[in-house]
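Trainee: Just one file: target-v2.cif, with mmCIF, C-alpha atoms.
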```cif
data_protein
loop_
_atom_site.group_PDB
_atom_site.id
_atom_site.type_symbol
_atom_site.label_atom_id
_atom_site.label_comp_id
_atom_site.auth_asym_id
_atom_site.auth_seq_id
_atom_site.Cartn_x
_atom_site.Cartn_y
_atom_site.Cartn_z
ATOM 1 C CA MET X 1 132.828 -20.721 147.391
ATOM 2 C CA PRO X 2 133.280 -23.105 144.475
ATOM 3 C CA THR X 3 136.673 -22.844 142.823
ATOM 4 C CA GLY X 4 136.185 -25.142 139.854
ATOM 5 C CA VAL X 5 133.269 -23.292 138.237
ATOM 6 C CA ALA X 6 134.284 -21.354 135.132
ATOM 7 C CA LEU X 7 132.781 -17.903 134.696
ATOM 8 C CA ARG X 8 131.900 -16.847 131.205
ATOM 9 C CA ASP X 9 133.084 -13.270 130.681
ATOM 10 C CA ALA X 10 134.298 -12.960 134.270
ATOM 11 C CA ARG X 11 134.932 -9.207 134.025
ATOM 12 C CA GLU X 12 131.337 -8.406 133.087
ATOM 13 C CA GLN X 13 129.958 -10.804 135.686
ATOM 14 C CA LEU X 14 132.127 -9.211 138.364
ATOM 15 C CA PHE X 15 131.113 -5.723 137.218
ATOM 16 C CA ALA X 16 127.430 -6.702 137.317
ATOM 17 C CA ALA X 17 127.875 -8.182 140.801
ATOM 18 C CA ALA X 18 129.602 -4.992 141.980
ATOM 19 C CA GLU X 19 126.742 -2.902 140.622
ATOM 20 C CA ARG X 20 124.184 -5.014 142.482
ATOM 21 C CA VAL X 21 126.117 -4.663 145.748
ATOM 22 C CA LEU X 22 126.535 -0.935 145.161
ATOM 23 C CA LEU X 23 122.825 -0.393 144.467
ATOM 24 C CA ARG X 24 121.644 -2.579 147.302
ATOM 25 C CA ASP X 25 124.157 -1.783 150.054
ATOM 26 C CA GLY X 26 126.003 1.405 149.043
ATOM 27 C CA PRO X 27 129.663 2.222 148.337
ATOM 28 C CA ASN X 28 130.953 1.355 151.811
ATOM 29 C CA ALA X 29 129.756 -2.242 151.427
ATOM 30 C CA LEU X 30 131.665 -2.736 148.177
ATOM 31 C CA THR X 31 134.537 -5.086 148.994
ATOM 32 C CA SER X 32 136.235 -7.798 146.979
ATOM 33 C CA ARG X 33 134.587 -10.414 149.201
ATOM 34 C CA ALA X 34 131.126 -8.856 148.694
ATOM 35 C CA VAL X 35 131.630 -8.743 144.909
ATOM 36 C CA THR X 36 132.833 -12.319 144.572
ATOM 37 C CA ALA X 37 130.122 -13.595 146.924
ATOM 38 C CA GLU X 38 127.510 -11.774 144.825
ATOM 39 C CA ALA X 39 129.024 -13.231 141.635
ATOM 40 C CA GLY X 40 129.087 -16.701 143.189
ATOM 41 C CA CYS X 41 132.787 -17.279 142.621
ATOM 42 C CA ALA X 42 136.001 -17.642 144.589
ATOM 43 C CA LYS X 43 137.757 -14.451 145.679
ATOM 44 C CA GLY X 44 140.776 -15.432 143.595
ATOM 45 C CA VAL X 45 138.763 -14.971 140.392
ATOM 46 C CA LEU X 46 138.747 -11.194 140.878
ATOM 47 C CA HIS X 47 142.475 -11.136 141.557
ATOM 48 C CA ARG X 48 143.186 -13.283 138.511
ATOM 49 C CA HIS X 49 141.670 -10.580 136.276
ATOM 50 C CA PHE X 50 142.721 -7.439 138.193
ATOM 51 C CA ALA X 51 145.940 -6.500 140.024
ATOM 52 C CA ASP X 52 144.021 -5.494 143.154
ATOM 53 C CA PHE X 53 140.564 -4.377 144.227
ATOM 54 C CA ASP X 54 141.241 -0.716 143.449
ATOM 55 C CA ALA X 55 142.296 -1.720 139.912
ATOM 56 C CA PHE X 56 138.963 -3.543 139.625
ATOM 57 C CA LEU X 57 137.084 -0.444 140.784
ATOM 58 C CA VAL X 58 139.001 1.766 138.325
ATOM 59 C CA GLU X 59 137.996 -0.509 135.457
ATOM 60 C CA LEU X 60 134.394 -0.615 136.689
ATOM 61 C CA VAL X 61 134.193 3.193 136.727
ATOM 62 C CA ARG X 62 135.990 3.532 133.370
ATOM 63 C CA ASP X 63 133.606 1.012 131.837
ATOM 64 C CA ARG X 64 130.622 2.982 133.083
ATOM 65 C CA ILE X 65 132.147 6.266 131.882
ATOM 66 C CA ALA X 66 132.671 4.673 128.442
ATOM 67 C CA ARG X 67 128.936 4.035 128.322
ATOM 68 C CA LEU X 68 128.481 7.808 128.335
ATOM 69 C CA ASP X 69 130.108 7.862 124.896
ATOM 70 C CA VAL X 70 127.179 5.843 123.578
ATOM 71 C CA ARG X 71 124.704 8.132 125.357
ATOM 72 C CA ALA X 72 126.574 11.195 124.004
ATOM 73 C CA ALA X 73 126.231 9.937 120.422
ATOM 74 C CA VAL X 74 122.492 9.375 120.919
ATOM 75 C CA LEU X 75 122.103 12.848 122.415
ATOM 76 C CA ARG X 76 124.033 14.532 119.579
ATOM 77 C CA GLU X 77 121.838 12.702 117.056
ATOM 78 C CA ALA X 78 118.772 14.082 118.861
ATOM 79 C CA ALA X 79 119.903 17.648 118.081
ATOM 80 C CA GLY X 80 117.303 19.346 115.919
ATOM 81 C CA THR X 81 114.558 16.946 117.011
ATOM 82 C CA GLY X 82 112.082 17.202 119.860
ATOM 83 C CA THR X 83 112.810 20.104 122.171
ATOM 84 C CA VAL X 84 116.123 21.150 123.638
ATOM 85 C CA VAL X 85 114.637 21.070 127.148
ATOM 86 C CA GLY X 86 113.121 17.634 126.550
ATOM 87 C CA ASN X 87 116.379 16.218 125.194
ATOM 88 C CA LEU X 88 118.355 17.646 128.120
ATOM 89 C CA THR X 89 115.812 16.349 130.627
ATOM 90 C CA ASP X 90 116.073 12.839 129.175
ATOM 91 C CA ALA X 91 119.867 13.038 129.266
ATOM 92 C CA LEU X 92 119.954 14.140 132.911
ATOM 93 C CA GLU X 93 117.523 11.414 133.926
ATOM 94 C CA ASP X 94 119.801 8.909 132.215
ATOM 95 C CA VAL X 95 123.047 10.334 133.627
ATOM 96 C CA PHE X 96 121.720 10.414 137.171
ATOM 97 C CA GLY X 97 120.097 6.996 137.271
ATOM 98 C CA SER X 98 120.562 5.064 140.495
ATOM 99 C CA LEU X 99 123.652 3.218 139.235
ATOM 100 C CA ALA X 100 125.402 6.444 138.221
ATOM 101 C CA LEU X 101 124.680 7.925 141.642
ATOM 102 C CA GLY X 102 126.136 4.793 143.229
ATOM 103 C CA ILE X 103 129.263 5.083 141.072
ATOM 104 C CA LEU X 104 129.581 8.762 142.044
ATOM 105 C CA GLY X 105 129.258 7.833 145.715
ATOM 106 C CA LEU X 106 131.976 5.247 145.231
ATOM 107 C CA VAL X 107 134.320 7.742 143.548
ATOM 108 C CA ILE X 108 133.709 10.305 146.281
ATOM 109 C CA ALA X 109 134.201 7.764 149.085
ATOM 110 C CA ARG X 110 137.476 6.207 147.886
ATOM 111 C CA ASP X 111 140.520 8.473 147.706
ATOM 112 C CA GLU X 112 142.716 5.821 146.055
ATOM 113 C CA LEU X 113 140.123 5.255 143.334
ATOM 114 C CA ARG X 114 139.886 8.988 142.622
ATOM 115 C CA ALA X 115 143.691 9.251 142.500
ATOM 116 C CA ARG X 116 143.928 6.417 139.969
ATOM 117 C CA LEU X 117 141.170 7.913 137.824
ATOM 118 C CA ARG X 118 143.036 11.241 137.594
ATOM 119 C CA ALA X 119 144.995 9.934 134.591
ATOM 120 C CA ALA X 120 141.836 10.020 132.451
ATOM 121 C CA THR X 121 139.988 12.801 134.298
ATOM 122 C CA PRO X 122 142.662 15.215 135.590
ATOM 123 C CA ALA X 123 140.122 17.834 136.737
ATOM 124 C CA GLY X 124 136.657 17.628 138.164
ATOM 125 C CA LEU X 125 134.889 14.518 139.373
ATOM 126 C CA PRO X 126 135.033 11.441 137.134
ATOM 127 C CA LEU X 127 131.677 10.681 135.515
ATOM 128 C CA LEU X 128 130.345 14.193 136.194
ATOM 129 C CA THR X 129 133.147 15.743 134.119
ATOM 130 C CA GLU X 130 132.413 13.414 131.203
ATOM 131 C CA ALA X 131 128.660 14.017 131.571
ATOM 132 C CA ALA X 132 129.243 17.781 131.377
ATOM 133 C CA ALA X 133 131.300 17.272 128.203
ATOM 134 C CA MET X 134 128.422 15.229 126.739
ATOM 135 C CA ILE X 135 125.890 17.984 127.504
ATOM 136 C CA GLY X 136 128.250 20.671 126.179
ATOM 137 C CA SER X 137 128.743 18.776 122.928
ATOM 138 C CA TYR X 138 124.975 18.472 122.465
ATOM 139 C CA LEU X 139 124.404 22.165 123.198
ATOM 140 C CA ARG X 140 127.106 23.139 120.666
ATOM 141 C CA ARG X 141 125.298 21.082 118.055
ATOM 142 C CA GLU X 142 122.004 22.762 118.895
ATOM 143 C CA ARG X 143 123.753 26.139 118.723
ATOM 144 C CA ASP X 144 125.024 25.264 115.247
ATOM 145 C CA LEU X 145 121.421 24.452 114.275
ATOM 146 C CA GLY X 146 120.183 27.777 115.655
ATOM 147 C CA ARG X 147 118.066 26.297 118.443
ATOM 148 C CA VAL X 148 120.474 27.652 121.068
ATOM 149 C CA ALA X 149 121.561 31.292 120.909
ATOM 150 C CA GLY X 150 124.904 31.872 119.204
ATOM 151 C CA GLU X 151 126.231 33.823 122.170
ATOM 152 C CA ALA X 152 125.285 31.130 124.699
ATOM 153 C CA ASP X 153 128.142 29.864 126.874
ATOM 154 C CA VAL X 154 127.348 26.183 126.380
ATOM 155 C CA ASP X 155 130.167 24.933 128.615
ATOM 156 C CA THR X 156 128.859 26.936 131.569
ATOM 157 C CA LEU X 157 125.320 25.779 130.816
ATOM 158 C CA ALA X 158 126.521 22.172 130.752
ATOM 159 C CA LEU X 159 128.293 22.516 134.107
ATOM 160 C CA THR X 160 125.241 24.213 135.597
ATOM 161 C CA LEU X 161 122.933 21.464 134.342
ATOM 162 C CA ILE X 162 125.189 18.715 135.700
ATOM 163 C CA GLY X 163 125.597 20.403 139.090
ATOM 164 C CA THR X 164 121.894 21.116 139.366
ATOM 165 C CA GLY X 165 121.021 17.629 138.173
ATOM 166 C CA HIS X 166 123.290 16.085 140.783
ATOM 167 C CA LEU X 167 121.572 18.099 143.520
ATOM 168 C CA LEU X 168 118.126 17.107 142.214
ATOM 169 C CA PHE X 169 118.858 13.380 142.040
ATOM 170 C CA ALA X 170 121.309 12.730 144.887
ATOM 171 C CA GLY X 171 120.199 11.537 148.296
ATOM 172 C CA ARG X 172 116.828 10.204 147.200
ATOM 173 C CA GLU X 173 116.440 6.796 148.743
ATOM 174 C CA ASP X 174 112.847 6.213 147.663
ATOM 175 C CA ALA X 175 112.453 7.498 144.103
ATOM 176 C CA PRO X 176 114.001 9.870 141.568
ATOM 177 C CA PRO X 177 112.620 13.394 141.297
ATOM 178 C CA ASP X 178 109.402 13.893 139.392
ATOM 179 C CA PRO X 179 110.176 14.244 135.649
ATOM 180 C CA ASP X 180 108.134 17.461 135.534
ATOM 181 C CA ASP X 181 110.353 18.950 138.248
ATOM 182 C CA VAL X 182 113.457 17.965 136.292
ATOM 183 C CA ARG X 183 112.005 19.448 133.092
ATOM 184 C CA ARG X 184 111.052 22.679 134.888
ATOM 185 C CA THR X 185 114.548 22.979 136.377
ATOM 186 C CA VAL X 186 116.242 22.329 133.029
ATOM 187 C CA GLY X 187 113.936 24.893 131.410
ATOM 188 C CA SER X 188 114.924 27.487 134.016
ATOM 189 C CA VAL X 189 118.653 26.874 133.524
ATOM 190 C CA VAL X 190 118.546 27.182 129.717
ATOM 191 C CA ALA X 191 115.717 29.725 129.441
ATOM 192 C CA GLY X 192 117.976 32.549 128.285
ATOM 193 C CA ALA X 193 119.798 30.414 125.727
ATOM 194 C CA VAL X 194 117.116 28.317 124.014
ATOM 195 C CA ARG X 195 115.368 29.946 121.092
ATOM 196 C CA ALA X 196 111.734 29.202 120.393
ATOM 197 C CA VAL X 197 111.530 27.285 117.114
#
```
Using structure tokens, write down the structure from this file.
Mentor:
Amino acid sequence: MPTGVALRDAREQLFAAAERVLLRDGPNALTSRAVTAEAGCAKGVLHRHFADFDAFLVELVRDRIARLDVRAAVLREAAGTGTVVGNLTDALEDVFGSLALGILGLVIARDELRARLRAATPAGLPLLTEAAAMIGSYLRRERDLGRVAGEADVDTLALTLIGTGHLLFAGREDAPPDPDDVRRTVGSVVAGAVRAV
């Protein structure tokens, strides 16, 4: 590997390389050597920016979780527009894209990574816990607008949607579930809570 080639924004290039390896080869293939080979740089570049490979993985996962904050803001802004089921369907399709499933597989497969992530996510599974909070926040907003019943337990609905969504999307090597199936499932989960408007 070349050692004299400077990487512009090395962190992001290493993260992007890790994502490509993860999507192509799965969580078990994600090693520091695989990441640096994919990024086209010397192995020392990763260790210059991160204390060790697990520290790199923690930052990769935290960076991807932080992207949920952007998605959460978009979802909250969608409250009162479109349909609740449509907005939730779009959110689940976004949350459970192939990269997110790869990140989840990585978190599940690596005990040390999960242990280090406990500081920010003390309960639940990192990424899924934050996704449930995003859905819950949106449903509270819709409840405030009267499109979700006032007595609806939005936190339980959010957990149910995330758990169901994970089951719908996980383990599909060829293609994500049909959007109509996702919409129908979301509709079934929230049927008792969503008011016709």
Trainee: Using Å and a single decimal, report how far CA of Glu59 in chain X sits from CA of Asp94 in chain X.
Mentor: 20.7 Å
Trainee: What is the CA of Ala10 in chain X to CA of Ala37 in chain X distance in Å?
Mentor: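 Going from CA of Ala10 in chain X over to CA of Ala37 in chain X, I get 13.3 Å.
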Trainee: Run the PyMOL selection byres ((chain X and resi 86) around 12) on the file and write out the hits as number ranges by chain.
Mentor: X: 75, 78-85, 87-93, 179-180, 182-187, 190, 194
Trainee: May I have the residues from that selection written out with C-alpha atoms, as a JSON list (two decimals), keeping the file's coordinate frame?
Mentor:
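Output file result.json is given in full below:
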```
[["chain", "number", "residue", "atom", "x", "y", "z"],
["X", 75, "LEU", "CA", 122.10, 12.85, 122.42],
["X", 78, "ALA", "CA", 118.77, 14.08, 118.86],
["X", 79, "ALA", "CA", 119.90, 17.65, 118.08],
["X", 80, "GLY", "CA", 117.30, 19.35, 115.92],
["X", 81, "THR", "CA", 114.56, 16.95, 117.01],
["X", 82, "GLY", "CA", 112.08, 17.20, 119.86],
["X", 83, "THR", "CA", 112.81, 20.10, 122.17],
["X", 84, "VAL", "CA", 116.12, 21.15, 123.64],
["X", 85, "VAL", "CA", 114.64, 21.07, 127.15],
["X", 87, "ASN", "CA", 116.38, 16.22, 125.19],
["X", 88, "LEU", "CA", 118.36, 17.65, 128.12],
["X", 89, "THR", "CA", 115.81, 16.35, 130.63],
["X", 90, "ASP", "CA", 116.07, 12.84, 129.18],
["X", 91, "ALA", "CA", 119.87, 13.04, 129.27],
["X", 92, "LEU", "CA", 119.95, 14.14, 132.91],
["X", 93, "GLU", "CA", 117.52, 11.41, 133.93],
["X", 179, "PRO", "CA", 110.18, 14.24, 135.65],
["X", 180, "ASP", "CA", 108.13, 17.46, 135.53],
["X", 182, "VAL", "CA", 113.46, 17.96, 136.29],
["X", 183, "ARG", "CA", 112.00, 19.45, 133.09],
["X", 184, "ARG", "CA", 111.05, 22.68, 134.89],
["X", 185, "THR", "CA", 114.55, 22.98, 136.38],
["X", 186, "VAL", "CA", 116.24, 22.33, 133.03],
["X", 187, "GLY", "CA", 113.94, 24.89, 131.41],
["X", 190, "VAL", "CA", 118.55, 27.18, 129.72],
["X", 194, "VAL", "CA", 117.12, 28.32, 124.01]]
```
Trainee: Kindly indicate which residue among X:Leu139, X:Ala100, X:Ala18, X:Ala39 lies nearest to Ala193 in chain X, using all atoms listed in the file for the distances.
Mentor: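 Under the stated criterion, the closest residue is X:Leu139.
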Trainee: Which residues match the PyMOL selection byres ((chain X and resi 110-114) around 8) in the file above, as a ChimeraX atom specification?
Mentor: /X:54,57-58,106-109,115-118,126
Trainee: Return the single residue from X:Gly26, X:Pro176, X:Gly136, X:Gly150 that is closest to Gly105 in chain X, with distances computed using only C-alpha atoms.
Mentor: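 Result for the nearest residue to Gly105 in chain X: X:Gly26.
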Trainee: Give me the residues within 9 Å of Ala16 in chain X as a PyMOL selection string, counting all atoms listed in the file and dropping any in the same chain fewer than 5 places off.
Mentor: chain X and resi 11+21+35+39
Trainee: Take the point (125.3, 16.9, 142.1) as written in the file and pick out every residue within 12 Å of it, counting only C-alpha atoms; give the list as a PyMOL selection string.
Mentor: chain X and resi 92+95-96+100-101+104-105+108+125+127-129+131-132+159-172
Trainee: Find, counting only C-alpha atoms, the residue in X:Arg24, X:Arg147, X:Arg195, X:Arg71 that gets nearest to Glu38 in chain X.
Mentor: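 Nearest candidate to Glu38 in chain X out of X:Arg24, X:Arg147, X:Arg195, X:Arg71: X:Arg24.
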Trainee: Can you work out the spacing between CA of Ile65 in chain X and CA of Pro27 in chain X in Å, to one decimal?
Mentor: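 Separation between CA of Ile65 in chain X and CA of Pro27 in chain X: 17.1 Å.
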Trainee: Can you list, as an NGL selection string, every protein, DNA or RNA residue that comes within 7 Å of Val154 in chain X when you count all atoms listed in the file, leaving out same-chain residues fewer than 2 positions away?
Mentor: :X and (136 or 139-140 or 152 or 156-158)
Trainee: What's the 10 Å shell around Phe56 in chain X, counting all atoms listed in the file, without same-chain residues fewer than 3 positions away, as a list in words?
Mentor: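 Neighbouring residues, sequence-local ones excluded: Arg11, Leu14, Phe15, Ala18, Ser32, Leu46, His47, His49, Phe50, Ala51, Asp52, Phe53, Glu59, Leu60, Val61, Arg62 and Leu113 of chain X.
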Trainee: Once 5 Å is added on each side, what centre and edge lengths in Å to one decimal does the axis-aligned box around all listed atoms of range 24-38 of chain X have, as lines of an AutoDock Vina configuration file?
Mentor:
```
center_x = 128.9
center_y = -5.7
center_z = 148.2
size_x = 24.6
size_y = 25.8
size_z = 17.2
```
Trainee: Using all atoms listed in the file, which of the listed residues (X:Ser188, X:Pro177, X:Glu130, X:Thr31) sits closest to Lys43 in chain X?
Mentor: X:Thr31
Trainee: Taking into account only C-alpha atoms, which residue in the set X:Thr36, X:Thr121, X:Asn28, X:Ser98 is nearest to Asp174 in chain X?
Mentor: X:Ser98
Trainee: From the options X:Glu12, X:Glu77, X:Asp178, X:Asp69, which residue's atoms come nearest to Ala133 in chain X, counting all atoms listed in the file?
Mentor: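 Looking at the shortest contact to Ala133 in chain X, the residue is X:Asp69.
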